[in-house]
Protein chains: 2
Amino acid sequence: MDKVNLAEKFSLFSEYWSPKIAGELNGQHVKLAKFKGEFVWHKHDHEDEMFFIVDGTLKIEFRDKTVTLHKNEFLIVPKGVEHRPVAENEVLVMLFEPATTLNTGDTENELTKHQLDRI
Amino acid sequence: MDKVNLAEKFSLFSEYWSPKIAGELNGQHVKLAKFKGEFVWHKHDHEDEMFFIVDGTLKIEFRDKTVTLHKNEFLIVPKGVEHRPVAENEVLVMLFEPATTLNTGDTENELTKHQLDRI
């Protein structure tokens, strides 16, 4: 049972769109990720997904609006809702989602990560 | 689907040891709480519990050790593990736990909150 220091964990990797597992509880994963650029449109049919911004600014596009998230803000995207994360500059994100969640949801492409590293 | 700004939410209440529900996903609650002083020893028989420190310093005492958490650090306390949060000064905490979790776990007393406000 060790504590997790976010700054330390984020210093251990640099690749974008590649979430790392930093914790697990009640079948949910806590993931840390760096985003930069435009991700792919996707949805998660069975999983709600929470984006908490540790540093930077993240836009989450929906089909009918865009939500802009700043440091120390979070958004829960309900299951089934199409979304696309977009980050003009690097953003540090903490994600909460079921252990079963695939990063690209129902859209498999070269960004899809089937196996996530633990950090 | 609205974003949550932690600073704004924390400005809305002042009482200690009274978690507020700030979000819900996959049967889990995201709770915001202010701690100050010594809580009660307790455990959660069926629920892991995550403490994320938004600001301040929190000590979590266990029967065999104490873990000190600072801003932007988190600790997951596994189900069944006795613990007691202690805060010398005010600390702002974001909690993740199943919607069924009672704040004092198996120890019901005057600190027990059966009904949590949404914020």
# chains A, B, ... in the order shown; residues from 1 in each chain; ligands from 1
>>> interface_residues(of="chain B", to="chain A", cutoff="8 Å", atoms="only C-alpha atoms", output="short mmCIF file (atom, residue, chain, number, x, y, z; two decimals) with N, CA and C atoms, in the first residue's frame")
data_model
loop_
_atom_site.label_atom_id
_atom_site.label_comp_id
_atom_site.auth_asym_id
_atom_site.auth_seq_id
_atom_site.Cartn_x
_atom_site.Cartn_y
_atom_site.Cartn_z
N MET B 1 -24.32 17.14 -18.65
CA MET B 1 -22.90 16.81 -18.58
C MET B 1 -22.09 18.10 -18.40
N ASP B 2 -21.90 18.47 -17.14
CA ASP B 2 -21.19 19.70 -16.83
C ASP B 2 -19.85 19.39 -16.18
N LYS B 3 -18.87 20.22 -16.45
CA LYS B 3 -17.58 20.02 -15.79
C LYS B 3 -17.67 20.47 -14.35
N VAL B 4 -16.76 19.96 -13.54
CA VAL B 4 -16.70 20.31 -12.12
C VAL B 4 -15.37 20.99 -11.85
N ASN B 5 -15.45 22.20 -11.29
CA ASN B 5 -14.25 22.94 -10.90
C ASN B 5 -14.06 22.76 -9.39
N LEU B 6 -12.94 22.15 -9.00
CA LEU B 6 -12.78 21.80 -7.59
C LEU B 6 -12.77 23.02 -6.67
N ALA B 7 -12.07 24.08 -7.07
CA ALA B 7 -12.00 25.26 -6.21
C ALA B 7 -13.39 25.84 -5.97
N GLY B 23 -19.72 13.82 -8.20
CA GLY B 23 -19.82 13.11 -9.46
C GLY B 23 -20.12 11.65 -9.22
N GLU B 24 -20.58 10.98 -10.27
CA GLU B 24 -20.92 9.57 -10.16
C GLU B 24 -20.59 8.90 -11.48
N LEU B 25 -19.92 7.77 -11.40
CA LEU B 25 -19.61 7.01 -12.62
C LEU B 25 -19.44 5.54 -12.28
N ASN B 26 -20.07 4.71 -13.09
CA ASN B 26 -19.92 3.26 -12.94
C ASN B 26 -20.20 2.79 -11.51
N GLU B 47 -15.27 -2.31 0.39
CA GLU B 47 -14.97 -1.24 -0.55
C GLU B 47 -13.55 -0.72 -0.39
N ASP B 48 -12.82 -0.67 -1.51
CA ASP B 48 -11.56 0.06 -1.52
C ASP B 48 -11.90 1.55 -1.55
N GLU B 49 -10.97 2.35 -1.04
CA GLU B 49 -11.24 3.78 -0.91
C GLU B 49 -9.99 4.56 -1.35
N MET B 50 -10.20 5.56 -2.18
CA MET B 50 -9.06 6.35 -2.66
C MET B 50 -9.13 7.76 -2.10
N VAL B 67 0.94 6.87 6.75
CA VAL B 67 1.30 7.39 5.44
C VAL B 67 0.91 8.87 5.41
N LEU B 69 0.29 12.14 3.21
CA LEU B 69 -0.04 12.51 1.83
C LEU B 69 -0.04 14.02 1.67
N ASN B 72 -1.56 16.63 -4.52
CA ASN B 72 -1.33 15.86 -5.75
C ASN B 72 -0.71 14.49 -5.50
N GLU B 73 -1.02 13.93 -4.34
CA GLU B 73 -0.68 12.54 -4.06
C GLU B 73 -1.97 11.79 -3.73
N PHE B 74 -1.97 10.49 -4.00
CA PHE B 74 -3.13 9.71 -3.59
C PHE B 74 -2.72 8.38 -2.99
N LEU B 75 -3.65 7.82 -2.24
CA LEU B 75 -3.46 6.51 -1.63
C LEU B 75 -4.76 5.74 -1.75
N ILE B 76 -4.64 4.47 -2.11
CA ILE B 76 -5.81 3.59 -2.15
C ILE B 76 -5.75 2.68 -0.93
N VAL B 77 -6.76 2.78 -0.08
CA VAL B 77 -6.85 1.93 1.11
C VAL B 77 -7.71 0.72 0.75
N PRO B 78 -7.12 -0.46 0.75
CA PRO B 78 -7.89 -1.65 0.35
C PRO B 78 -8.99 -1.97 1.36
N GLU B 97 -14.95 6.14 -4.25
CA GLU B 97 -15.38 4.92 -3.58
C GLU B 97 -16.76 4.55 -4.10
N PRO B 98 -17.16 3.30 -3.88
CA PRO B 98 -18.49 2.90 -4.35
C PRO B 98 -19.59 3.74 -3.71
#
>>> select_by_dssp(residues="chain B", states="helix (DSSP H, G or I)", output="JSON list (two decimals) with C-alpha atoms, in the first residue's frame")
[["chain", "number", "residue", "atom", "x", "y", "z"],
["B", 6, "LEU", "CA", -12.78, 21.80, -7.59],
["B", 7, "ALA", "CA", -12.00, 25.26, -6.21],
["B", 8, "GLU", "CA", -15.55, 26.40, -6.90],
["B", 9, "LYS", "CA", -17.06, 23.33, -5.23],
["B", 10, "PHE", "CA", -14.82, 23.59, -2.17]]
>>> residues_around(residues="Glu38 in chain B", least_positions_apart="6", cutoff="9 Å", atoms="only C-alpha atoms", output="PDB file with C-alpha atoms, in the first residue's frame")
ATOM      1  CA  ARG B  84      -7.775   6.677  10.621  1.00  0.00           C
ATOM      2  CA  PRO B  85      -7.354   9.968   8.745  1.00  0.00           C
ATOM      3  CA  VAL B  86      -5.705  12.731  10.767  1.00  0.00           C
ATOM      4  CA  ALA B  87      -5.219  16.321   9.600  1.00  0.00           C
ATOM      5  CA  GLU B  88      -3.323  18.808  11.724  1.00  0.00           C
TER       6      GLU B  88
END
>>> closest_residue(among="B:Asp64, B:Glu82, B:Glu15, B:Glu90", to="Asp106 in chain B", atoms="only C-alpha atoms")
B:Glu82
>>> residues_around(residues="Lys31 in chain A", least_positions_apart="5", cutoff="6 Å", atoms="only C-alpha atoms", output="ChimeraX atom specification")
/A:19-22,94-95
>>> write_last_selection(atoms="N, CA and C atoms", output="PDB file, in the first residue's frame")
ATOM      1  N   PRO A  19      -2.151   5.761 -21.913  1.00  0.00           N
ATOM      2  CA  PRO A  19      -2.424   5.792 -20.463  1.00  0.00           C
ATOM      3  C   PRO A  19      -1.666   4.703 -19.715  1.00  0.00           C
ATOM      4  N   LYS A  20      -1.204   5.060 -18.528  1.00  0.00           N
ATOM      5  CA  LYS A  20      -0.509   4.119 -17.644  1.00  0.00           C
ATOM      6  C   LYS A  20      -1.390   3.871 -16.420  1.00  0.00           C
ATOM      7  N   ILE A  21      -1.387   2.653 -15.951  1.00  0.00           N
ATOM      8  CA  ILE A  21      -2.201   2.319 -14.779  1.00  0.00           C
ATOM      9  C   ILE A  21      -1.447   2.696 -13.509  1.00  0.00           C
ATOM     10  N   ALA A  22      -2.026   3.607 -12.733  1.00  0.00           N
ATOM     11  CA  ALA A  22      -1.365   4.089 -11.507  1.00  0.00           C
ATOM     12  C   ALA A  22      -2.063   3.587 -10.248  1.00  0.00           C
ATOM     13  N   MET A  94      -5.594  12.639 -15.351  1.00  0.00           N
ATOM     14  CA  MET A  94      -5.846  11.448 -14.550  1.00  0.00           C
ATOM     15  C   MET A  94      -7.226  10.932 -14.951  1.00  0.00           C
ATOM     16  N   LEU A  95      -7.282   9.671 -15.333  1.00  0.00           N
ATOM     17  CA  LEU A  95      -8.520   9.057 -15.808  1.00  0.00           C
ATOM     18  C   LEU A  95      -9.038   8.051 -14.796  1.00  0.00           C
TER      19      LEU A  95
END
>>> select_by_dssp(residues="range 58-92 of chain B", states="strand (DSSP E or B)", output="list in words")
Leu58, Lys59, Ile60, Glu61, Thr66, Val67, Thr68, Leu69, Glu73, Phe74, Leu75, Ile76, Val77, His83, Arg84, Pro85, Val86, Ala87, Glu88, Asn89, Glu90, Val91 and Leu92 of chain B
>>> atom_distance(atom1="CA of Ile119 in chain B", atom2="CA of Ser14 in chain B")
12.5 Å
>>> closest_residue(among="A:Leu12, A:Trp17, A:Val93, A:Asp117", to="Leu32 in chain A", atoms="only C-alpha atoms")
A:Val93
